[in-house]
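Input: a single structure, listed below in structure tokens.
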Amino acid sequence: MPAAGGSDHADAAPSTPGTSPVQTVHKDGPASTGSSPVPPADALLSDAGAPAALVQDLRPPSIVLDGLFQAIGEAHIYTDAKTAADAIPDEAPADLLAEYNVAKLRPDFSLKDFVARHFTLPERKTVSYQRSPDENVRDYINGMWEVLSRPPDTQVAYSSQLPLPYTYVVPGGRFSELYYWDSYFTMIGLYENQKIDLMRDMVRDMASMIDRYGHIPNGSRTYYLSRSQVPFFSLMVDLLAMHDGQVAYTTFLPELQAEYDYWMDGQDSVPPGGAYRHVVRLPDGTLMNRHWDDMDTPRDESYPQDIATAAHSGRPKEEVYRDLRAGSETGWDFSSRWLADGHTLSTIHTTDLLTVELNCMIPHLEQTLAHAYDLKGNKDAAARYNRLAQERIDAVQRILWDERRAAFIDYDWKKGESTSILSGATVVPLFMQMATPEQAKAVSETVRKNLLKVGGLIATERSGSGQQWDSPNGWAPLQWMAVKGLNQYGYDALASDIAARWMGRVIGTYEKSGVLLEKYDVVNPFISPKGGKGGGEYPMQIGFGWTNGTLLGLMNRYPQNTRVVLDRNPAADQPSPQPLPPMNPYGVQSDTDALSRYSQPTVTLAPTPALPQISTVGASAPSSATQIPPAAPAAQATATPPADTPPPAPATVTSPAAAGMDQHAAAPAPASMPDKTAGATGAAPQAAAPTPAPAPDTSATPNPPPAPQPAATTPQATPAAGPPPQPATPTPTTTSPPANPEAGQAAPRPPAHNDSALPPS
């Protein structure tokens with residue numbers, strides 16, 4: 001229901017608990033419109049992998065443990081507030097609350113002792129790590145897949161963790177659950193290492209959450225259910241189709257449709273100048289998307305911090321809480337992009353913004369739906385989604401393009417103007433092939449002049465905010481999307497320069513520390529073994545899923561010796577960079593082995609009850625008092641089986657290939673390294689696929705990179721030679737890593753396709 005007020009901006013959320021539209025997912029067709037991911041008090045999840053009597057309350061701990069959870073946060077019982085949200089009570093929450101309410105009245109009551117008696121912490125795989133003298137960075141990445149993998153979950157009573165039916169990879173450090181947008185960039189590494197079974201299992205886990213909850217939450221915890229993250233699921237399916245062929249699209253069509261229905265809930269009813277959940281309609285009728293969270297309370301994983309932020313804002317606290325939550329949904333938590341004054345967190349206004357990434361991912365999802373429906377023989381649905389995709393791409397080129405900054409910039413839909421804050425997000429339309437040639441040329445110059453630093457691309461041009469998604473930090477997803485995007489528009493020299501600088505920074509840090517990190521200071525000319533000062537709500541984290549995955553992909557495509565690059569030596573004999581995956585996933589045919597894998601029974605969890613709104617939520621902007629009804633149901637997916645040879649995709653819209661965000665809260669970085677020997681249950685035997693043999697590893701330097709080397713002209717590919725070295729076995733010890741062991745690189749793996757273009761539609 002829209003908020004009351006005289007403004008022409010409707011900005012609403014369901015107003016009564018349990019009365020909002022509910023999204024129901026059907027395996028044989030698209031979901032019905034309307035969705036509320038936060039469950040009522042009696043919503044329980046029955047897990048097929050656990051005893052029949054074991055059920056999970058889907059409410060977040062801040063509601064389940066109302067009063068006690070708040071007291072734990074205020075007392076700072078745990079250094080990291082996220083630990084309180086992950087801690088597992090030893091009895092039913094209702095019984096524990098009753099016991100707490102009696103115990104706290106005693107004069108000798110100690111909250112710390114009470115928590116110690118009644119809560120246990122989830123096990124984390126950490127161990128002191130000593131790198132072997134001959135272990136290079138490839139060995140590290142290959143060994144870390146086992147460290148970061150988690151077996152299928154068995155539901156633990158009263159835990160906030162959402163059970164997943166297949167093996168998956170976590171980011172690392174304090175992030176011990178599956179995260180949405182992080183997982184795409186992690187999958188890049190799995191694809192490069194030909195760990196296809198594990199990559200496929202992660203896609204199935206994502207689909208499982210869509211089936212149960214109507215969307216993919218920010219992460220696999222109950223306290224993340226009220227929001228999602230930038231919708232990368234369709235790009236994950238693209239990547240999987242590079243190996244499995246077209247059956248990937250037809251298999252996951254119901255989940256692709258449900259994902260779209262979640263993000264577009266209210267699209268048919270929201271008036272011009274109004275907003276409903278994730279949907280915004282501009283005064284001229286243009287439909288766009290923003291970030292949103294269905295709750296307006298402090299985030300469970302950052303509870304005391306959010307209370308403090310709201311207290312200093314001078315704004316209604318519910319408005320601040322929702323904008324903090326929406327900021328977490330962006331994956332950039334946090335950045336000056338979301339701050340009204342550019343530097344103070346309490347001025348956050350995420351729900352006012354139409355972001356570049358989100359409004360590029362929605363048309364890609366539409367293109368993917370068009371392709372999948374075309375494979376199923378539903379030409380009308382295919383044509384409809386192709387039309388919608390083109391309309392959104394036109395809107396991105398028109399509304400999000402800032403001519404003055406020569407870049408794609410977030411748009412404040414309430415003010416009707418660009419925010420003018422330049423960030424690495426400007427490369428996303430190139431990554432998705434949604435920029436015009438003229439815009440791509442302008443972006444390449446803007447990136448070169450304003451964002452490119454000695455160690456790669458900075459997240460934004462702003463420094464001094466104290467937020468981790470600002471300068472001086474660089475992040476793996478941004479480097480990957482920039483390199484791939486620039487390559488796709490022919491700016492190969494700049495793409496190679498960015499890749500070389502980033503690899504030099506990451507590998508140079510690895511040589512000093514023996515680990516890969518979540519983010520890096522790319523401005524400082526001197527390489528720190530800690531990666532930099534970090535910034536944000538928590539210390540630097542090691543692991544790290546998306547850094548590992550994208551670094552491996554870049555090393556395979558740019559196999560020049562890092563030391564030669566950093567020493568300015570020419571590399572005229574270097575092979576030409578190969579296009580980053582996926583390339584032309586719509587053209588990959590499903591072989592007999594892939595078809596047989598998709599015909600096998602899937603792991604099915606018990607049905608999840610409907611998830612209506614948990615609490616009354618206020619609107620963050622004044623609007624008319626007109627109630628916005630739920631959107632009309634989207635078209636159902638047909639049950640027509642795919643043909644042996646799928647028909648060519650319609651040529652209405654060019655469908656881009658896939659490409660690379662994580663809920664972060666607050667804790668000290670572990671002083672020790674995860675144990676590679678403490679493995680999780682592995683994926684099923686891998687599908688038969690030729691795996692090229694990389695060349696022997698070469699060395700890298702810890703020194704800061706100088707200016708980029710000249711681009712090679714028409715280089716010849718370097719043949720692969722010899723089997724890769726075996727990863728060294730980690731040892732649970734506290735001995736420090738050697739100071740400067742070499743970090744080698746191997747020759748590139750030949751591409752699966754010669755076509756460097758993204759998927760056609």
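Ordering of the structure tokens sets the chain letters (A, B, ...); residue numbers start at 1 within each chain; ligands are numbered from 1 in the order shown.
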
What's the 12 Å shell around segment 444-452 of chain A, counting only C-alpha atoms, without same-chain residues fewer than 4 positions away, as a CSV table (one decimal) with N, CA, C and O atoms, in the first residue's frame?
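Saved the output as around32.csv:
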chain,number,residue,atom,x,y,z
A,402,ASP,N,25.3,9.5,-18.2
A,402,ASP,CA,25.6,10.9,-17.8
A,402,ASP,C,26.5,11.5,-18.8
A,402,ASP,O,27.7,11.2,-18.7
A,403,GLU,N,26.1,12.4,-19.6
A,403,GLU,CA,26.9,12.9,-20.7
A,403,GLU,C,28.0,13.8,-20.1
A,403,GLU,O,29.2,13.8,-20.6
A,404,ARG,N,27.7,14.5,-19.0
A,404,ARG,CA,28.8,15.3,-18.4
A,404,ARG,C,29.9,14.5,-17.9
A,404,ARG,O,31.1,14.9,-18.0
A,405,ARG,N,29.6,13.4,-17.2
A,405,ARG,CA,30.7,12.5,-16.7
A,405,ARG,C,31.2,11.5,-17.7
A,405,ARG,O,32.2,10.8,-17.4
A,406,ALA,N,30.5,11.4,-18.8
A,406,ALA,CA,30.9,10.4,-19.9
A,406,ALA,C,31.0,9.0,-19.3
A,406,ALA,O,32.0,8.3,-19.4
A,407,ALA,N,29.9,8.7,-18.5
A,407,ALA,CA,29.9,7.4,-17.8
A,407,ALA,C,28.4,7.0,-17.5
A,407,ALA,O,27.5,7.9,-17.5
A,408,PHE,N,28.2,5.7,-17.2
A,408,PHE,CA,26.9,5.3,-16.7
A,408,PHE,C,26.9,5.5,-15.2
A,408,PHE,O,27.8,5.1,-14.5
A,421,ILE,N,28.1,10.4,-9.2
A,421,ILE,CA,29.2,9.7,-8.5
A,421,ILE,C,29.7,8.6,-9.5
A,421,ILE,O,29.0,7.6,-9.8
A,422,LEU,N,30.9,8.8,-9.9
A,422,LEU,CA,31.6,7.8,-10.8
A,422,LEU,C,32.1,6.6,-10.0
A,422,LEU,O,32.7,6.7,-9.0
A,423,SER,N,31.7,5.4,-10.6
A,423,SER,CA,32.1,4.2,-9.9
A,423,SER,C,32.5,3.1,-11.0
A,423,SER,O,32.2,3.3,-12.2
A,424,GLY,N,33.0,2.0,-10.5
A,424,GLY,CA,33.4,0.9,-11.4
A,424,GLY,C,32.1,0.3,-12.1
A,424,GLY,O,32.3,-0.4,-13.0
A,425,ALA,N,31.0,0.6,-11.6
A,425,ALA,CA,29.7,0.1,-12.2
A,425,ALA,C,29.5,0.6,-13.6
A,425,ALA,O,28.7,0.1,-14.3
A,426,THR,N,30.3,1.7,-14.0
A,426,THR,CA,30.1,2.2,-15.3
A,426,THR,C,30.5,1.2,-16.4
A,426,THR,O,30.1,1.3,-17.6
A,427,VAL,N,31.2,0.1,-16.0
A,427,VAL,CA,31.6,-0.9,-17.0
A,427,VAL,C,30.6,-1.9,-17.2
A,427,VAL,O,30.7,-2.7,-18.2
A,428,VAL,N,29.6,-2.0,-16.4
A,428,VAL,CA,28.6,-3.1,-16.4
A,428,VAL,C,27.8,-3.1,-17.7
A,428,VAL,O,27.6,-4.2,-18.3
A,429,PRO,N,27.4,-2.0,-18.3
A,429,PRO,CA,26.7,-2.0,-19.6
A,429,PRO,C,27.6,-2.6,-20.7
A,429,PRO,O,27.1,-3.2,-21.6
A,430,LEU,N,28.9,-2.4,-20.6
A,430,LEU,CA,29.8,-3.0,-21.6
A,430,LEU,C,29.9,-4.5,-21.3
A,430,LEU,O,29.9,-5.3,-22.3
A,435,ALA,N,25.8,-1.1,-24.0
A,435,ALA,CA,26.2,0.2,-24.3
A,435,ALA,C,26.3,0.4,-25.8
A,435,ALA,O,26.5,-0.5,-26.6
A,437,PRO,N,28.2,1.9,-29.2
A,437,PRO,CA,29.7,2.0,-29.4
A,437,PRO,C,30.3,3.4,-29.0
A,437,PRO,O,31.4,3.4,-28.4
A,438,GLU,N,29.5,4.4,-29.1
A,438,GLU,CA,29.9,5.7,-28.7
A,438,GLU,C,30.1,5.8,-27.2
A,438,GLU,O,31.0,6.4,-26.6
A,439,GLN,N,29.1,5.2,-26.5
A,439,GLN,CA,29.2,5.2,-25.0
A,439,GLN,C,30.3,4.3,-24.5
A,439,GLN,O,31.0,4.7,-23.6
A,440,ALA,N,30.6,3.2,-25.2
A,440,ALA,CA,31.7,2.3,-24.8
A,440,ALA,C,33.0,3.1,-25.0
A,440,ALA,O,33.9,2.9,-24.1
A,456,GLY,N,45.0,-1.6,-10.3
A,456,GLY,CA,43.8,-2.0,-10.9
A,456,GLY,C,42.8,-0.9,-10.8
A,456,GLY,O,43.1,0.3,-10.7
A,457,LEU,N,41.5,-1.2,-10.9
A,457,LEU,CA,40.4,-0.2,-10.9
A,457,LEU,C,39.9,0.0,-9.4
A,457,LEU,O,39.7,-1.0,-8.7
A,458,ILE,N,39.8,1.2,-9.0
A,458,ILE,CA,39.1,1.6,-7.7
A,458,ILE,C,37.6,1.4,-7.9
A,458,ILE,O,37.1,1.6,-9.0
A,459,ALA,N,37.0,1.2,-6.7
A,459,ALA,CA,35.5,1.0,-6.8
A,459,ALA,C,34.8,2.3,-7.1
A,459,ALA,O,33.9,2.3,-7.9
A,460,THR,N,35.2,3.4,-6.5
A,460,THR,CA,34.7,4.7,-6.8
A,460,THR,C,35.8,5.7,-6.8
A,460,THR,O,36.9,5.4,-6.2
A,461,GLU,N,35.6,6.9,-7.3
A,461,GLU,CA,36.7,7.9,-7.3
A,461,GLU,C,36.8,8.6,-6.0
A,461,GLU,O,37.7,9.5,-5.7
A,462,ARG,N,35.8,8.3,-5.1
A,462,ARG,CA,35.8,9.0,-3.8
A,462,ARG,C,36.6,8.3,-2.7
A,462,ARG,O,36.5,7.1,-2.6
A,463,SER,N,37.4,9.1,-1.9
A,463,SER,CA,38.1,8.5,-0.8
A,463,SER,C,37.8,9.2,0.4
A,463,SER,O,37.2,10.3,0.4
A,470,ASP,N,34.8,2.0,-1.7
A,470,ASP,CA,35.3,3.3,-2.2
A,470,ASP,C,36.8,3.2,-2.4
A,470,ASP,O,37.4,2.2,-2.0
A,471,SER,N,37.4,4.2,-2.9
A,471,SER,CA,38.8,4.3,-3.0
A,471,SER,C,39.4,4.3,-1.6
A,471,SER,O,38.8,4.9,-0.7
A,472,PRO,N,40.5,3.6,-1.4
A,472,PRO,CA,41.5,3.0,-2.4
A,472,PRO,C,41.2,1.6,-2.8
A,472,PRO,O,42.1,1.0,-3.4
A,473,ASN,N,40.1,1.0,-2.5
A,473,ASN,CA,39.9,-0.4,-2.7
A,473,ASN,C,39.5,-0.8,-4.1
A,473,ASN,O,38.7,-0.1,-4.7
A,474,GLY,N,40.0,-1.9,-4.5
A,474,GLY,CA,39.6,-2.6,-5.7
A,474,GLY,C,39.1,-3.9,-5.4
A,474,GLY,O,39.5,-4.6,-4.5
A,478,LEU,N,34.7,-6.2,-10.1
A,478,LEU,CA,34.8,-5.0,-11.0
A,478,LEU,C,35.9,-5.2,-12.0
A,478,LEU,O,35.7,-4.8,-13.2
A,479,GLN,N,37.0,-5.8,-11.6
A,479,GLN,CA,38.1,-6.0,-12.6
A,479,GLN,C,37.7,-7.0,-13.7
A,479,GLN,O,37.9,-6.7,-14.9
A,482,ALA,N,35.1,-5.3,-16.0
A,482,ALA,CA,35.8,-4.3,-16.9
A,482,ALA,C,36.6,-5.0,-18.0
A,482,ALA,O,36.5,-4.6,-19.1
A,483,VAL,N,37.4,-6.0,-17.6
A,483,VAL,CA,38.2,-6.6,-18.7
A,483,VAL,C,37.3,-7.3,-19.7
A,483,VAL,O,37.6,-7.1,-20.9
A,485,GLY,N,34.1,-6.6,-20.4
A,485,GLY,CA,33.4,-5.6,-21.1
A,485,GLY,C,34.2,-4.8,-22.2
A,485,GLY,O,33.8,-4.6,-23.3
A,486,LEU,N,35.4,-4.4,-21.8
A,486,LEU,CA,36.3,-3.7,-22.7
A,486,LEU,C,36.7,-4.6,-23.9
A,486,LEU,O,36.8,-4.1,-25.0
A,487,ASN,N,37.0,-5.8,-23.6
A,487,ASN,CA,37.3,-6.7,-24.7
A,487,ASN,C,36.2,-6.9,-25.7
A,487,ASN,O,36.4,-6.9,-26.9
A,488,GLN,N,35.0,-6.9,-25.2
A,488,GLN,CA,33.8,-7.1,-26.1
A,488,GLN,C,33.6,-5.9,-27.1
A,488,GLN,O,33.0,-6.0,-28.1
A,489,TYR,N,34.1,-4.7,-26.7
A,489,TYR,CA,34.0,-3.5,-27.5
A,489,TYR,C,35.3,-3.2,-28.2
A,489,TYR,O,35.4,-2.1,-28.8
A,490,GLY,N,36.3,-4.1,-28.2
A,490,GLY,CA,37.5,-3.9,-28.9
A,490,GLY,C,38.6,-3.1,-28.2
A,490,GLY,O,39.6,-2.8,-28.9
A,491,TYR,N,38.5,-2.8,-26.9
A,491,TYR,CA,39.5,-2.0,-26.2
A,491,TYR,C,40.4,-3.0,-25.5
A,491,TYR,O,40.5,-3.1,-24.3
A,492,ASP,N,41.1,-3.8,-26.3
A,492,ASP,CA,41.9,-4.9,-25.8
A,492,ASP,C,43.1,-4.5,-25.0
A,492,ASP,O,43.5,-5.1,-24.0
A,493,ALA,N,43.7,-3.4,-25.4
A,493,ALA,CA,44.9,-2.9,-24.8
A,493,ALA,C,44.6,-2.5,-23.3
A,493,ALA,O,45.3,-2.8,-22.4
A,494,LEU,N,43.5,-1.7,-23.2
A,494,LEU,CA,43.1,-1.2,-21.9
A,494,LEU,C,42.7,-2.4,-21.0
A,494,LEU,O,43.1,-2.5,-19.8
A,495,ALA,N,42.0,-3.4,-21.6
A,495,ALA,CA,41.6,-4.6,-20.8
A,495,ALA,C,42.8,-5.3,-20.3
A,495,ALA,O,42.9,-5.8,-19.2
A,497,ASP,N,45.8,-4.1,-19.8
A,497,ASP,CA,46.5,-3.3,-18.8
A,497,ASP,C,45.8,-3.5,-17.4
A,497,ASP,O,46.5,-3.6,-16.4
A,498,ILE,N,44.5,-3.4,-17.4
A,498,ILE,CA,43.7,-3.6,-16.1
A,498,ILE,C,44.0,-5.0,-15.6
A,498,ILE,O,44.3,-5.2,-14.4
A,499,ALA,N,44.0,-6.0,-16.4
A,499,ALA,CA,44.2,-7.4,-16.0
A,499,ALA,C,45.7,-7.5,-15.4
A,499,ALA,O,45.9,-8.1,-14.3
A,500,ALA,N,46.6,-6.9,-16.1
A,500,ALA,CA,48.0,-7.0,-15.6
A,500,ALA,C,48.2,-6.3,-14.3
A,500,ALA,O,48.9,-6.9,-13.4
A,501,ARG,N,47.7,-5.2,-14.1
A,501,ARG,CA,47.8,-4.4,-12.9
A,501,ARG,C,47.1,-5.2,-11.7
A,501,ARG,O,47.7,-5.3,-10.6
A,502,TRP,N,46.0,-5.7,-12.0
A,502,TRP,CA,45.2,-6.4,-10.9
A,502,TRP,C,46.0,-7.7,-10.5
A,502,TRP,O,46.2,-8.0,-9.4
A,522,VAL,N,44.4,-0.7,-4.2
A,522,VAL,CA,45.0,-0.6,-5.5
A,522,VAL,C,45.6,0.7,-5.8
A,522,VAL,O,46.1,0.9,-6.9
A,523,VAL,N,45.6,1.6,-4.8
A,523,VAL,CA,46.1,3.0,-5.0
A,523,VAL,C,47.6,3.1,-4.5
A,523,VAL,O,48.4,3.7,-5.1
A,707,ALA,N,54.2,1.3,-15.3
A,707,ALA,CA,53.3,1.6,-16.4
A,707,ALA,C,53.1,0.3,-17.2
A,707,ALA,O,53.9,-0.6,-17.3
A,708,PRO,N,51.9,0.2,-17.9
A,708,PRO,CA,51.6,-1.0,-18.7
A,708,PRO,C,52.5,-1.2,-19.8
A,708,PRO,O,53.1,-0.2,-20.4

Could you pull out the residues in segment 275-439 of chain A that DSSP calls strand (DSSP E) from the backbone, as JSON, numbers by chain? {"A": [275, 276, 279, 280, 281, 287, 288, 289, 353, 354, 401, 402, 407, 408, 411, 412, 417, 418]}

Measuring between only C-alpha atoms, which one of A:Ser465, A:Ser228, A:Asn584, A:Thr344 shows the shortest distance to Ile216 of chain A?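 With only C-alpha atoms as the atom set, the closest residue is A:Ser228.
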
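Between atom CA of Pro217 of chain A and atom CA of Arg281 of chain A lies a distance of 24.2 Å.
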
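For the pair atom CA of Gly331 of chain A and atom CA of Gln229 of chain A, the interatomic distance is 6.5 Å.
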